[in-house]
There are 2 protein chains.
Amino acid sequence: MKRKPLTDAWSRVAIEAVSPEIDGGRFPVKRTVGEAVRVEADIFADGHDVLAARLLHRRDGSKSWASAPMIFYDNDRWRGEFTVSELGFHLYTIEAWVDRFATWKRDLRKRIEAGQDVSVELQAGAELVDAAALGAAGKDAERLRECTDLLKKTPARLGAVEAVMSPETAALMARLGPRGRITRYDKELAVAVDRERARFGAWYEFFPRSTAPEAGRHGNFKDCEKRLEYAASMGFDVVYLPPIHPIGRMHRKGRNNQTTCLPTDPGSPWAIGSEQGGHCAVHPELGTLEDFRAFREKAGKLGLEVALDIALQCSPDHPYAKEHPEWFKRRPDGTIRYAENPPKKYEDIYPFDMESEAWTPLWEELKNIFLFWGEQGIRIFRVDNPHTKPFAFWEWAIQEVKRRYPDALFLSEAFTRPKVMYQLAKLGFTQSYTYFAWRSTKSELTQYLSELTRPPLCEFFRPSFWPNTPDILTAVHVEGGRPAFMSRFVLASTLGASYGIYGPAFELCVKAPRQSGSEEYLDSEKYEIKHWNLNAPHSLKGLIAKVNRARRENPALQSDRGLRFHGTDNESLLCYSKQDEGLSNVVLVVVNLDWRYVQSGWVDIPVASLGLDPARPYEVRDVLSGARYKWGARNFVKLDPNVMPAHVFQVSQQSSLAASCIASRDVASGKQQRNEDFSKD
Amino acid sequence: MKRKPLTDAWSRVAIEAVSPEIDGGRFPVKRTVGEAVRVEADIFADGHDVLAARLLHRRDGSKSWASAPMIFYDNDRWRGEFTVSELGFHLYTIEAWVDRFATWKRDLRKRIEAGQDVSVELQAGAELVDAAALGAAGKDAERLRECTDLLKKTPARLGAVEAVMSPETAALMARLGPRGRITRYDKELAVAVDRERARFGAWYEFFPRSTAPEAGRHGNFKDCEKRLEYAASMGFDVVYLPPIHPIGRMHRKGRNNQTTCLPTDPGSPWAIGSEQGGHCAVHPELGTLEDFRAFREKAGKLGLEVALDIALQCSPDHPYAKEHPEWFKRRPDGTIRYAENPPKKYEDIYPFDMESEAWTPLWEELKNIFLFWGEQGIRIFRVDNPHTKPFAFWEWAIQEVKRRYPDALFLSEAFTRPKVMYQLAKLGFTQSYTYFAWRSTKSELTQYLSELTRPPLCEFFRPSFWPNTPDILTAVHVEGGRPAFMSRFVLASTLGASYGIYGPAFELCVKAPRQSGSEEYLDSEKYEIKHWNLNAPHSLKGLIAKVNRARRENPALQSDRGLRFHGTDNESLLCYSKQDEGLSNVVLVVVNLDWRYVQSGWVDIPVASLGLDPARPYEVRDVLSGARYKWGARNFVKLDPNVMPAHVFQVSQQSSLAASCIASRDVASGKQQRNEDFSKD
């Protein structure tokens, strides 16, 4: 403990418990361009003086602070906010001081109300206004001097008191009054500002090799362009491809992950690298780098952005294995150590030794993979298993990539323990896969989503909800089939501003596991080329298109901040709403979580807190069926999973007098609102 | 945001969410000598390797760290502890690393269990043990070399595996094995260590001038020695006196705080200073400084420590007002500003201007007041209204005083907003007055005490519970009379390891307010000399003595850490237990909060969590009545407020076989334990 010396650098105001602040300011909070940062702090001093505080903020690199007022609201807690408008880092901190003029004014008012003689106090006020005038110029100085002249005339007249208590004087004094010892919060906190896609986007994952129109042939980037049109027709924002690099031959996995393969088996795209190249090469059967760029451009024309999967691992045939054996661990017998999770062995994969003696050139090389694909126009990276590489690597590499490409986004695929998952988000990953796939009951979903969408998590962790991935076919889908695919889709896409599906397996409701209890697909696309019938009648593409359209049309669905769960009297009915920051857009969702049976019940809506007038009914329009209902605080819902297990309601309330008359009549009748079974529409 | 450069100073392990840690380490946590500091942290790394961690701790000033193991317990959370044994500051931090040998061993076990050939892995193990042997000496090195020799023999025999998997090898490798990149937590956190009295003590406040045996005379320190015997007979640990300095004459307050006084009125002891001296002088009518020292010595002989009230304010007659007018604020008419809380005026008090231009000599002088009384042997300071002086002053002054007197204790009398109250505790006050006086219902007490006795508050805020003070006569006492004084006493003295009363007003159940609704006493001792009949039959001195004896005999009552509330089926019955750290001592308390009526009901005791065998009854002995009962999980209680509104039970359970036989018979009968009304004993 250093002894605290008696220096002049003290001030009376304490600033504490600043929020948001992640791990004492070690990590930035996250926002997208145009979003507000609402800052709160405990601000207090000894005694009973009136305080003033302001929020200082600036773009990183800018030398001057902008300021926003902070307002006291309760129990020594103050609040202010600013909006971030540019990519990159922004900084914020707080200043507070004893407001001597406001204190004097408050006391003067009390003295006057008690009928005391205030002549000496008016002189004291004149001294404060005088001090402000000294630092003022032009009209400001003139006004302040007028004020002191009035105050100094003894006995002061009522006019002097009126002048000094006026809002104009208050504004002048707030700006120019003496501030004495100012407390500056001892940290500058950071906001990492990304573009909108960091917050909001619908992702569609597909295997490019499974896109040939004829069965059996290896698809290529030309074929993929057709698949882009298909994804665009469903309203997706991002198409994301598993690794597109040459695939190793040694220990190549056969169908269903068999350790031996046929010569015709294409292998797993995650066994990256062959003599045809590594992480910066394109698998020849998919085409050339030029073909890839054409594909990317086609996507852009369709309003789609391409995301690539970056898996930092090698097949034994990867050029690195020969050129840089020092980047891998060796066994005492001299061979390179393949991946293992004892007793399981993954002989087709060599992990990097990130702690190797030669870690510096290795890390540089790995970072350059991102930069290479950045040069090809890619700005979204889905990172495979980031939790098996050091945190320090990611913090450094993401910063380096964003320095070159400030609009780059990183999705972390860390299906691991929560603290590791959250750490990756703190140190730079833009978005993260979540445990959503395994949260299916009402209490699980309510608890998990509440955790994700509230501080501190919501400040740095942006969830992405995936009902399925090539590695994850959950029991809900296996058992529930198409009705479960529908409800899980509505949940993912309306609970999460960011979500994705692995298709066409998802929209075609593929549900056969490799064996009972497995989360692996039978005949998984990871080890073979598939041919999909995109026009199968049971496809969910229509539903997907409707929801994606609603997502684009409703700002409420474009952020996770406005999520709230509402009471229902049936454990199978989940009800929630999302609203945008201005409360001008509200979406209400009700989902039947039971994929077997029709479920019905009452849902309770806290009408006023959705920005609606609780004295009048409001209209809900189901974007899935087009049906409209008049709703109130308590509403009846009935959902048939075999028809449509969910309502996705756009909420509106007329503000005209006429509407208000109708409404009050409805309410007066005392009847609760009731809407009919969806299937009757 | 500084760009994170690629340096060699990275390691794979993250250490986060360390507890206790107050405001990012800005403030120390508090302990008393002999108490444990249990430290927890999130500790995790990328991948799946086994980790190891240790807690480092040292006395401030010592150069070498001692270390204690940290143990994983759940969800990446680790725990370790150390005990503080000396006054002053102690520091602690954490180190963690990837345990390569433990990882290798875990994997080897899995490989062997799966029947894999492990010969190459044994070689890898030999390399790790070899590396450890290089850094070892003597027998350690010998043992490790034996181990590697065994491992290197191919094919390795079972004996080699057994040797390397043995606990001895594990212990050697834990101590000497290669640790690679170590993560050291980036902060050194502090513990402020005080003596026991900081945690545990019963305080008795009295006005020394009201101690003369005959009515009307001003008491003096000689008279006070008799009062010490009285306090000691009730089992108090600390006697605390209002200010003992000369009292000002100008604007002296009369009886009941009247603005005019009679020449015979003694004035308020808080109007400090006259021409006879200031804060370092003794009021002549009380005696001399020598008399005071004799009084202090007498107290010591009786096992009592004397605490003084330090009120940093002056009467207009204080020598400072003449000698240092620059230490006070002036009004524009040139007069010194008296204390005000507009429109209220306190013309008998001049507050210091702690922001005065001459703040440095002023602060020095004020700090020296504490040092002066330290020289007179005083080590406990009750500080009047510390929340009206700058935080920076207290942080500095308390540190300075404790540098000279490490055993000094400071009790903060800050009846103000919670965040200000807690800030004073953070920056150095040993103990604090609380809102206890105004918490009287079951839910109020449960909620408030739970807040105070759990992290983060319990780490830095030591509550002191005062049912009354010379300024506080609460409605509970006014309305409830003697039964309320009894229940409030039991609550204060068993909920709080530190508590105090203002006597003899308390034990004599003085309950007349100045006017209806006022918390001021009628004919308050603050403005006049009182004469008390200490032997009045309604005095609570017997009850007080019993409880204070129980507090000394039961370690459970000497700390607030072991407090837990238990369910009762009657809103008027509050039930709680306290236990010491080793669970060897348990005290159970039941209080009837209704001072009007007999209340009865069932209380539920979580028997196992009190360290008792839930399969057997246990005995509770009421230290107030001496009655004994057999209790179980659910027990009947009936309390008559006019007899005794509380049980204070010492809990015991025989561990002999005989007891166990009796117990199982009782339990087998299936009857719930029931004990009779206290009044029947």
# chains A, B, ... in the order shown; residues from 1 in each chain; ligands from 1
$ residues_around --residues "Leu371 (chain A)" --least-positions-apart "2" --cutoff "12 Å" --atoms "only C-alpha atoms" --output "ChimeraX atom specification"
/A:279-280,310,364-369,373-381,397-406,408
$ residues_around --residues "Gly216 (chain B)" --least-positions-apart "3" --cutoff "10 Å" --atoms "only C-alpha atoms" --output "count of residues only"
8
$ atom_distance --atom1 "CA of Ser464 (chain B)" --atom2 "CA of Arg549 (chain B)"
18.5 Å
$ closest_residue --among "A:Pro266, A:Gly480, A:Gly278, A:Pro343" --to "chain B" --atoms "only C-alpha atoms"
A:Pro343
$ residues_around --residues "Ala14 (chain A)" --least-positions-apart "6" --cutoff "6 Å" --atoms "only C-alpha atoms" --output "PyMOL selection string"
chain A and resi 43-45
$ write_last_selection --atoms "C-alpha atoms" --output "short mmCIF file (atom, residue, chain, number, x, y, z; two decimals), in the first residue's frame"
data_model
loop_
_atom_site.label_atom_id
_atom_site.label_comp_id
_atom_site.auth_asym_id
_atom_site.auth_seq_id
_atom_site.Cartn_x
_atom_site.Cartn_y
_atom_site.Cartn_z
CA ILE A 43 -21.70 10.59 -8.07
CA PHE A 44 -21.67 12.11 -4.61
CA ALA A 45 -19.70 14.35 -2.27
#
$ closest_residue --among "B:His387, B:Arg179, B:Trp438, B:Pro504" --to "Lys419 (chain B)" --atoms "only C-alpha atoms"
B:His387
$ residues_around --residues "region 590-594 of chain A" --least-positions-apart "5" --cutoff "8 Å" --atoms "only C-alpha atoms" --output "PyMOL selection string"
chain A and resi 440-442+484+487+490-491+572-576+599+639-641+645-648
$ write_last_selection --atoms "N, CA, C and O atoms" --output "PDB file, in the first residue's frame"
ATOM      1  N   SER A 440     -34.627 -25.206 -24.915  1.00  0.00           N
ATOM      2  CA  SER A 440     -35.890 -25.403 -25.631  1.00  0.00           C
ATOM      3  C   SER A 440     -37.137 -25.255 -24.769  1.00  0.00           C
ATOM      4  O   SER A 440     -38.212 -25.045 -25.302  1.00  0.00           O
ATOM      5  N   THR A 441     -37.015 -25.323 -23.460  1.00  0.00           N
ATOM      6  CA  THR A 441     -38.218 -25.149 -22.643  1.00  0.00           C
ATOM      7  C   THR A 441     -38.422 -23.664 -22.334  1.00  0.00           C
ATOM      8  O   THR A 441     -37.519 -22.847 -22.509  1.00  0.00           O
ATOM      9  N   LYS A 442     -39.608 -23.370 -21.853  1.00  0.00           N
ATOM     10  CA  LYS A 442     -39.939 -21.979 -21.528  1.00  0.00           C
ATOM     11  C   LYS A 442     -38.969 -21.401 -20.497  1.00  0.00           C
ATOM     12  O   LYS A 442     -38.452 -20.297 -20.664  1.00  0.00           O
ATOM     13  N   ALA A 484     -41.291 -28.703 -35.122  1.00  0.00           N
ATOM     14  CA  ALA A 484     -40.188 -28.209 -34.303  1.00  0.00           C
ATOM     15  C   ALA A 484     -39.265 -27.319 -35.124  1.00  0.00           C
ATOM     16  O   ALA A 484     -38.780 -26.291 -34.631  1.00  0.00           O
ATOM     17  N   SER A 487     -41.001 -23.935 -35.167  1.00  0.00           N
ATOM     18  CA  SER A 487     -40.961 -23.147 -33.923  1.00  0.00           C
ATOM     19  C   SER A 487     -39.537 -22.728 -33.590  1.00  0.00           C
ATOM     20  O   SER A 487     -39.287 -21.598 -33.176  1.00  0.00           O
ATOM     21  N   VAL A 490     -38.669 -19.737 -35.752  1.00  0.00           N
ATOM     22  CA  VAL A 490     -39.263 -18.478 -35.295  1.00  0.00           C
ATOM     23  C   VAL A 490     -38.541 -17.985 -34.037  1.00  0.00           C
ATOM     24  O   VAL A 490     -38.254 -16.793 -33.899  1.00  0.00           O
ATOM     25  N   LEU A 491     -38.215 -18.896 -33.130  1.00  0.00           N
ATOM     26  CA  LEU A 491     -37.489 -18.494 -31.918  1.00  0.00           C
ATOM     27  C   LEU A 491     -36.152 -17.862 -32.266  1.00  0.00           C
ATOM     28  O   LEU A 491     -35.828 -16.756 -31.816  1.00  0.00           O
ATOM     29  N   SER A 572     -46.260 -24.404 -22.221  1.00  0.00           N
ATOM     30  CA  SER A 572     -45.843 -24.628 -23.610  1.00  0.00           C
ATOM     31  C   SER A 572     -45.903 -23.356 -24.442  1.00  0.00           C
ATOM     32  O   SER A 572     -45.460 -23.350 -25.589  1.00  0.00           O
ATOM     33  N   LEU A 573     -46.467 -22.300 -23.878  1.00  0.00           N
ATOM     34  CA  LEU A 573     -46.570 -21.050 -24.642  1.00  0.00           C
ATOM     35  C   LEU A 573     -45.534 -20.054 -24.144  1.00  0.00           C
ATOM     36  O   LEU A 573     -45.534 -19.679 -22.969  1.00  0.00           O
ATOM     37  N   LEU A 574     -44.640 -19.666 -25.050  1.00  0.00           N
ATOM     38  CA  LEU A 574     -43.642 -18.647 -24.721  1.00  0.00           C
ATOM     39  C   LEU A 574     -44.085 -17.356 -25.391  1.00  0.00           C
ATOM     40  O   LEU A 574     -44.379 -17.346 -26.596  1.00  0.00           O
ATOM     41  N   CYS A 575     -44.121 -16.277 -24.636  1.00  0.00           N
ATOM     42  CA  CYS A 575     -44.539 -14.986 -25.200  1.00  0.00           C
ATOM     43  C   CYS A 575     -43.490 -13.939 -24.877  1.00  0.00           C
ATOM     44  O   CYS A 575     -43.008 -13.859 -23.749  1.00  0.00           O
ATOM     45  N   TYR A 576     -43.121 -13.162 -25.874  1.00  0.00           N
ATOM     46  CA  TYR A 576     -42.153 -12.091 -25.632  1.00  0.00           C
ATOM     47  C   TYR A 576     -42.378 -10.964 -26.623  1.00  0.00           C
ATOM     48  O   TYR A 576     -43.054 -11.141 -27.644  1.00  0.00           O
ATOM     49  N   GLN A 599     -51.814 -26.076 -28.380  1.00  0.00           N
ATOM     50  CA  GLN A 599     -51.785 -25.518 -27.030  1.00  0.00           C
ATOM     51  C   GLN A 599     -52.481 -24.172 -27.055  1.00  0.00           C
ATOM     52  O   GLN A 599     -52.368 -23.421 -28.028  1.00  0.00           O
ATOM     53  N   LEU A 639     -52.504 -22.275 -30.638  1.00  0.00           N
ATOM     54  CA  LEU A 639     -51.550 -22.498 -31.732  1.00  0.00           C
ATOM     55  C   LEU A 639     -51.424 -23.986 -32.029  1.00  0.00           C
ATOM     56  O   LEU A 639     -51.129 -24.792 -31.142  1.00  0.00           O
ATOM     57  N   ASP A 640     -51.626 -24.323 -33.296  1.00  0.00           N
ATOM     58  CA  ASP A 640     -51.532 -25.716 -33.748  1.00  0.00           C
ATOM     59  C   ASP A 640     -50.156 -25.926 -34.387  1.00  0.00           C
ATOM     60  O   ASP A 640     -49.862 -25.328 -35.425  1.00  0.00           O
ATOM     61  N   PRO A 641     -49.293 -26.750 -33.772  1.00  0.00           N
ATOM     62  CA  PRO A 641     -47.926 -26.883 -34.283  1.00  0.00           C
ATOM     63  C   PRO A 641     -47.891 -27.427 -35.711  1.00  0.00           C
ATOM     64  O   PRO A 641     -46.931 -27.181 -36.434  1.00  0.00           O
ATOM     65  N   PRO A 645     -46.797 -22.990 -35.509  1.00  0.00           N
ATOM     66  CA  PRO A 645     -46.667 -22.974 -34.049  1.00  0.00           C
ATOM     67  C   PRO A 645     -46.412 -21.590 -33.465  1.00  0.00           C
ATOM     68  O   PRO A 645     -46.058 -21.494 -32.293  1.00  0.00           O
ATOM     69  N   ALA A 646     -46.553 -20.530 -34.257  1.00  0.00           N
ATOM     70  CA  ALA A 646     -46.201 -19.215 -33.710  1.00  0.00           C
ATOM     71  C   ALA A 646     -47.034 -18.092 -34.315  1.00  0.00           C
ATOM     72  O   ALA A 646     -47.531 -18.197 -35.443  1.00  0.00           O
ATOM     73  N   HIS A 647     -47.213 -17.042 -33.525  1.00  0.00           N
ATOM     74  CA  HIS A 647     -47.660 -15.740 -34.009  1.00  0.00           C
ATOM     75  C   HIS A 647     -46.461 -14.806 -33.974  1.00  0.00           C
ATOM     76  O   HIS A 647     -45.743 -14.769 -32.971  1.00  0.00           O
ATOM     77  N   VAL A 648     -46.267 -14.041 -35.033  1.00  0.00           N
ATOM     78  CA  VAL A 648     -45.292 -12.945 -34.992  1.00  0.00           C
ATOM     79  C   VAL A 648     -46.085 -11.687 -35.322  1.00  0.00           C
ATOM     80  O   VAL A 648     -46.438 -11.446 -36.479  1.00  0.00           O
TER      81      VAL A 648
END
$ closest_residue --among "B:Glu347, B:Glu285, B:Glu113, B:Glu214" --to "chain A" --atoms "only C-alpha atoms"
B:Glu113
$ select_by_dssp --residues "region 140-227 of chain B" --states "strand (DSSP E or B)" --output "ChimeraX atom specification"
/B:183-184,189-194,201-205
$ write_last_selection --atoms "N, CA and C atoms" --output "CSV table (one decimal), in the first residue's frame"
chain,number,residue,atom,x,y,z
B,183,THR,N,0.7,-16.7,-15.5
B,183,THR,CA,-0.1,-15.5,-15.5
B,183,THR,C,-0.1,-15.0,-14.0
B,184,ARG,N,0.3,-13.8,-13.9
B,184,ARG,CA,0.2,-13.1,-12.5
B,184,ARG,C,-1.0,-12.2,-12.7
B,189,LEU,N,-3.9,-6.8,-4.4
B,189,LEU,CA,-5.1,-6.3,-3.6
B,189,LEU,C,-4.7,-6.3,-2.1
B,190,ALA,N,-5.3,-5.4,-1.4
B,190,ALA,CA,-4.9,-5.2,0.0
B,190,ALA,C,-6.0,-5.6,1.0
B,191,VAL,N,-5.5,-6.0,2.2
B,191,VAL,CA,-6.4,-6.2,3.3
B,191,VAL,C,-5.9,-5.3,4.4
B,192,ALA,N,-6.8,-4.5,5.0
B,192,ALA,CA,-6.5,-3.7,6.2
B,192,ALA,C,-6.8,-4.6,7.4
B,193,VAL,N,-5.8,-4.8,8.2
B,193,VAL,CA,-5.9,-5.7,9.3
B,193,VAL,C,-6.0,-4.9,10.6
B,194,ASP,N,-7.1,-5.1,11.3
B,194,ASP,CA,-7.3,-4.4,12.6
B,194,ASP,C,-7.2,-5.4,13.8
B,201,GLY,N,-17.4,-5.9,19.8
B,201,GLY,CA,-17.3,-5.1,21.0
B,201,GLY,C,-18.7,-4.6,21.4
B,202,ALA,N,-18.9,-4.4,22.7
B,202,ALA,CA,-20.2,-3.8,23.2
B,202,ALA,C,-19.8,-2.5,23.8
B,203,TRP,N,-20.5,-1.4,23.3
B,203,TRP,CA,-20.1,-0.1,23.7
B,203,TRP,C,-21.2,0.5,24.6
B,204,TYR,N,-20.7,1.3,25.5
B,204,TYR,CA,-21.6,2.0,26.4
B,204,TYR,C,-21.3,3.5,26.4
B,205,GLU,N,-22.2,4.3,26.0
B,205,GLU,CA,-22.0,5.8,25.9
B,205,GLU,C,-22.7,6.4,27.1
$ closest_atom_pairs --of "chain B" --to "chain A" --cutoff "8 Å" --atoms "only C-alpha atoms" --output "tab-separated table"
residue	atom	partner	partner_atom	distance
B:Met1	CA	A:Asp60	CA	6.6
B:Arg3	CA	A:Gln399	CA	7.5
B:Lys4	CA	A:Trp396	CA	6.1
B:Pro5	CA	A:Trp396	CA	7.3
B:Leu6	CA	A:Trp396	CA	7.1
B:Trp10	CA	A:Ala392	CA	6.4
B:Ser11	CA	A:Ala392	CA	7.3
B:Arg12	CA	A:Pro390	CA	5.5
B:Glu16	CA	A:Asp23	CA	7.9
B:Ala17	CA	A:Asp23	CA	7.6
B:Asp23	CA	A:Ala17	CA	7.6
B:Gly24	CA	A:Gly24	CA	6.0
B:Asp42	CA	A:Lys419	CA	7.9
B:Phe44	CA	A:Val420	CA	7.1
B:Ala45	CA	A:Val420	CA	7.4
B:Asp46	CA	A:Thr388	CA	5.0
B:Gly47	CA	A:Thr388	CA	4.2
B:His48	CA	A:Thr388	CA	7.8
B:Asp60	CA	A:Met1	CA	6.6
B:Asn75	CA	A:Arg417	CA	7.6
B:Asp76	CA	A:Lys419	CA	7.2
B:Phe89	CA	A:Met1	CA	7.0
B:Leu91	CA	A:Met1	CA	8.0
B:Asp107	CA	A:Pro342	CA	5.7
B:Lys110	CA	A:Pro343	CA	5.8
B:Arg111	CA	A:Pro343	CA	5.1
B:Ala114	CA	A:Pro343	CA	6.3
B:Gln116	CA	A:Pro343	CA	7.9
B:Val120	CA	A:Pro332	CA	6.3
B:Glu121	CA	A:Pro332	CA	7.8
B:Gln123	CA	A:Pro332	CA	6.1
B:Ala124	CA	A:Pro332	CA	5.8
B:Ala190	CA	A:Met1	CA	7.1
B:Arg331	CA	A:Ala124	CA	6.9
B:Pro332	CA	A:Ala124	CA	5.9
B:Asp333	CA	A:Val120	CA	6.7
B:Pro342	CA	A:Asp107	CA	5.7
B:Pro343	CA	A:Arg111	CA	5.1
B:Thr360	CA	A:Leu6	CA	8.0
B:His387	CA	A:Asp46	CA	5.1
B:Thr388	CA	A:Gly47	CA	4.2
B:Lys389	CA	A:Asp46	CA	5.8
B:Pro390	CA	A:Arg12	CA	5.5
B:Phe391	CA	A:Arg12	CA	6.6
B:Ala392	CA	A:Trp10	CA	6.4
B:Glu395	CA	A:Lys4	CA	7.9
B:Trp396	CA	A:Lys4	CA	6.2
B:Gln399	CA	A:Arg3	CA	7.5
B:Arg417	CA	A:Asn75	CA	7.6
B:Lys419	CA	A:Asp76	CA	7.2
B:Val420	CA	A:Phe44	CA	7.1
$ decode --residues "region 396-449 of chain B" --atoms "C-alpha atoms" --output "short mmCIF file (atom, residue, chain, number, x, y, z; two decimals), in the first residue's frame"
data_model
loop_
_atom_site.label_atom_id
_atom_site.label_comp_id
_atom_site.auth_asym_id
_atom_site.auth_seq_id
_atom_site.Cartn_x
_atom_site.Cartn_y
_atom_site.Cartn_z
CA TRP B 396 -5.30 10.77 4.48
CA ALA B 397 -5.90 11.47 8.18
CA ILE B 398 -6.86 7.90 9.08
CA GLN B 399 -3.78 6.57 7.29
CA GLU B 400 -1.57 9.06 9.10
CA VAL B 401 -3.01 8.23 12.52
CA LYS B 402 -2.76 4.49 11.90
CA ARG B 403 0.85 4.87 10.82
CA ARG B 404 1.57 6.11 14.35
CA TYR B 405 -1.05 3.96 16.08
CA PRO B 406 -1.75 0.83 14.00
CA ASP B 407 -4.27 -0.28 16.64
CA ALA B 408 -6.39 2.88 16.27
CA LEU B 409 -10.07 2.35 15.43
CA PHE B 410 -12.48 4.85 13.90
CA LEU B 411 -16.25 4.66 14.19
CA SER B 412 -18.04 6.72 11.57
CA GLU B 413 -21.21 8.51 12.65
CA ALA B 414 -22.49 9.18 9.16
CA PHE B 415 -26.28 9.07 9.27
CA THR B 416 -26.55 9.95 5.63
CA ARG B 417 -27.24 8.36 2.24
CA PRO B 418 -25.96 4.79 1.83
CA LYS B 419 -23.33 5.46 -0.80
CA VAL B 420 -21.70 8.19 1.28
CA MET B 421 -21.86 5.96 4.36
CA TYR B 422 -20.18 3.13 2.45
CA GLN B 423 -17.57 5.41 0.90
CA LEU B 424 -16.37 6.45 4.34
CA ALA B 425 -15.97 2.78 5.24
CA LYS B 426 -14.04 2.10 2.05
CA LEU B 427 -11.54 4.85 2.62
CA GLY B 428 -10.64 3.83 6.14
CA PHE B 429 -13.29 4.01 8.84
CA THR B 430 -13.10 0.82 10.89
CA GLN B 431 -16.77 0.70 11.84
CA SER B 432 -19.92 2.57 10.96
CA TYR B 433 -23.21 3.48 12.53
CA THR B 434 -26.06 2.02 10.50
CA TYR B 435 -29.77 2.44 9.80
CA PHE B 436 -30.46 -0.29 12.38
CA ALA B 437 -32.38 2.11 14.64
CA TRP B 438 -35.01 2.49 11.90
CA ARG B 439 -35.26 -1.17 10.86
CA SER B 440 -37.85 -2.87 13.01
CA THR B 441 -40.04 -5.23 11.00
CA LYS B 442 -39.11 -8.76 10.06
CA SER B 443 -38.66 -7.94 6.38
CA GLU B 444 -36.73 -4.74 7.09
CA LEU B 445 -34.32 -6.48 9.43
CA THR B 446 -33.88 -9.52 7.21
CA GLN B 447 -33.23 -7.47 4.12
CA TYR B 448 -30.92 -4.94 5.74
CA LEU B 449 -28.87 -7.44 7.72
#
